[in-house]
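K.L.:
Provided herewith is a single structure, encoded as structure tokens, for subsequent inquiry.
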Amino acid sequence: MSETVSKTGRWIDWANPTRFMSFAGVILPWLAGLTLIVLAGGLWMSMQAPDDYQQGATVKIMFIHVPFAWLSMMCYTIMTIAALGTLVWRHPLADVSAKAAAPIGAVFTALALITGSLWGKPMWGTWWVWDARLTSVFVLFLMYLGIIALTRAMDDPAKSARATAILTLVGFINIPIIKFSVDWWNTLHQPASVFRMGGSTIDGSLLRPLLVMAIGFTLLFFTLHLMAMRNEIWRRRVVAMRRVAARNADRGPVQ
Amino acid sequence: MSSHAGFVIAAYGVSFIALAGLIGWVFIDQRLQNRALRQLESRGVRRRSEGKGAQP
């Protein structure tokens, strides 16, 4: 019994937004600094990387396009875990995490689409095709927009949290579709070449900058996500305090 | 292949602008919320969790 109590106690400790705020305050400067260093290193390595023998200089688009595409899926996966946190454990930070992540994920998804388009034009001869990979990522972008709209549609975050969580969970079906679309269907987009059975097909001179850039952008994502979560907690405190102030004004001295 | 440099520059340029906008938005939001919190606190408004029973 006492063990249960202490376990619950630990859970509540982690759910405490004030504890999260002090954790974020300590970790954020380090995370931001590390992000800058890794991204700067990654950019420098990208500039030094040789041109591809077939694709020429356009292969440099890979160093940003691939991390953006990975992050667009990672962000949605984090939001799905947060949705479970909202629905199953009713963790108070889960909804904050999902709401804060959505705009960041939308930007990364849009950038994956735009940089892909700018890569497609010189290499494929077209800005866009409705193949399975491009279409499923476009659907992911629309999912992000829908979730952003829903999280901001209601004044009470507790009400929108459930609806958003359910929509996010249903939309997760799209993530394996994006990942395996290039294997399941005949797509203009190439199949996986970094994480695949039998190892990467990319030469080390191009793979190394790609991995450093991917780590850099992942760090950037977590930095921005933590900052946006902190902003969201502050925003909810402001709303709560305004409500208290309004109630006090109502009860104020009768003239 | 140098004729494709424009595509590379455009891809990096768009990404830089979009990410700068995202980072800027997060910082502006942070500033707005902190300003609102300070104003409310200076008016003596307290959150419920900071009410009578809670520690200072």
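Convention: chains lettered A, B, ... in structure tokens order; per-chain residue numbering from 1; ligands numbered from 1 as shown.
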Quick check: residues of chain A within 7 Å of chain B, only C-alpha atoms, returned as a list in words.
P.N.:
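Matching residues, ligands excluded from the count: Gly56, Ala57, Thr58, Lys60, Ile61, Leu111, Thr115, Leu118, Trp119, Pro122, Met227, Ala228, Asn231, Trp234, Arg235, Val238, Ala240, Met241 and Ala245 of chain A.
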K.L.:
Compile the contact shell of range 185-197 of chain A as a PyMOL selection string: residues with an atom at most 10 Å away, counting only C-alpha atoms, same-chain residues fewer than 5 positions apart removed.
P.N.:
chain A and resi 66+116+120+124+128-134+179-180+202+207+210-211
K.L.:
With N, CA, C and O atoms kept, could you save the residues just selected as a tab-separated table (two decimals), in the first residue's frame?
P.N.:
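The resulting file, out25.tsv, is shown below:
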chain	number	residue	atom	x	y	z
A	66	VAL	N	15.79	15.80	-45.71
A	66	VAL	CA	15.61	14.53	-44.99
A	66	VAL	C	15.39	14.77	-43.49
A	66	VAL	O	14.45	14.20	-42.92
A	116	GLY	N	11.53	19.53	-50.77
A	116	GLY	CA	11.40	18.39	-51.67
A	116	GLY	C	11.00	18.83	-53.06
A	116	GLY	O	11.49	18.32	-54.08
A	120	GLY	N	12.84	18.31	-56.42
A	120	GLY	CA	12.17	17.55	-57.47
A	120	GLY	C	12.25	18.21	-58.83
A	120	GLY	O	12.41	17.55	-59.86
A	124	TRP	N	13.67	15.58	-60.99
A	124	TRP	CA	12.59	14.80	-61.59
A	124	TRP	C	11.99	15.52	-62.80
A	124	TRP	O	11.23	14.92	-63.56
A	128	TRP	N	5.91	18.74	-58.44
A	128	TRP	CA	5.00	17.95	-57.60
A	128	TRP	C	4.39	16.82	-58.41
A	128	TRP	O	4.05	17.01	-59.58
A	129	VAL	N	4.24	15.66	-57.79
A	129	VAL	CA	3.41	14.58	-58.36
A	129	VAL	C	2.56	14.05	-57.22
A	129	VAL	O	2.96	14.11	-56.06
A	130	TRP	N	1.40	13.54	-57.57
A	130	TRP	CA	0.53	12.97	-56.52
A	130	TRP	C	0.89	11.50	-56.33
A	130	TRP	O	0.04	10.64	-56.49
A	131	ASP	N	2.14	11.21	-56.00
A	131	ASP	CA	2.48	9.82	-55.71
A	131	ASP	C	2.23	9.57	-54.21
A	131	ASP	O	1.91	10.48	-53.45
A	132	ALA	N	2.36	8.29	-53.80
A	132	ALA	CA	1.92	7.94	-52.45
A	132	ALA	C	2.71	8.67	-51.37
A	132	ALA	O	2.15	9.10	-50.36
A	133	ARG	N	4.03	8.84	-51.56
A	133	ARG	CA	4.84	9.47	-50.54
A	133	ARG	C	4.48	10.95	-50.41
A	133	ARG	O	4.22	11.46	-49.32
A	134	LEU	N	4.45	11.66	-51.53
A	134	LEU	CA	4.18	13.10	-51.47
A	134	LEU	C	2.77	13.37	-50.96
A	134	LEU	O	2.55	14.26	-50.14
A	179	LYS	N	5.89	6.15	-44.04
A	179	LYS	CA	7.16	5.43	-43.96
A	179	LYS	C	7.24	4.35	-45.05
A	179	LYS	O	8.25	4.21	-45.73
A	180	PHE	N	6.17	3.58	-45.20
A	180	PHE	CA	6.24	2.43	-46.11
A	180	PHE	C	5.64	2.70	-47.48
A	180	PHE	O	5.62	1.81	-48.33
A	202	ILE	N	24.06	5.48	-48.99
A	202	ILE	CA	24.66	6.79	-49.21
A	202	ILE	C	26.13	6.74	-48.82
A	202	ILE	O	26.48	6.17	-47.78
A	207	LEU	N	26.74	11.02	-46.02
A	207	LEU	CA	25.96	10.51	-44.89
A	207	LEU	C	26.32	11.23	-43.60
A	207	LEU	O	25.45	11.56	-42.79
A	210	LEU	N	24.70	14.59	-43.25
A	210	LEU	CA	23.26	14.37	-43.10
A	210	LEU	C	22.91	14.00	-41.66
A	210	LEU	O	21.96	14.55	-41.08
A	211	LEU	N	23.72	13.11	-41.06
A	211	LEU	CA	23.41	12.68	-39.70
A	211	LEU	C	23.61	13.82	-38.71
A	211	LEU	O	22.81	14.00	-37.79
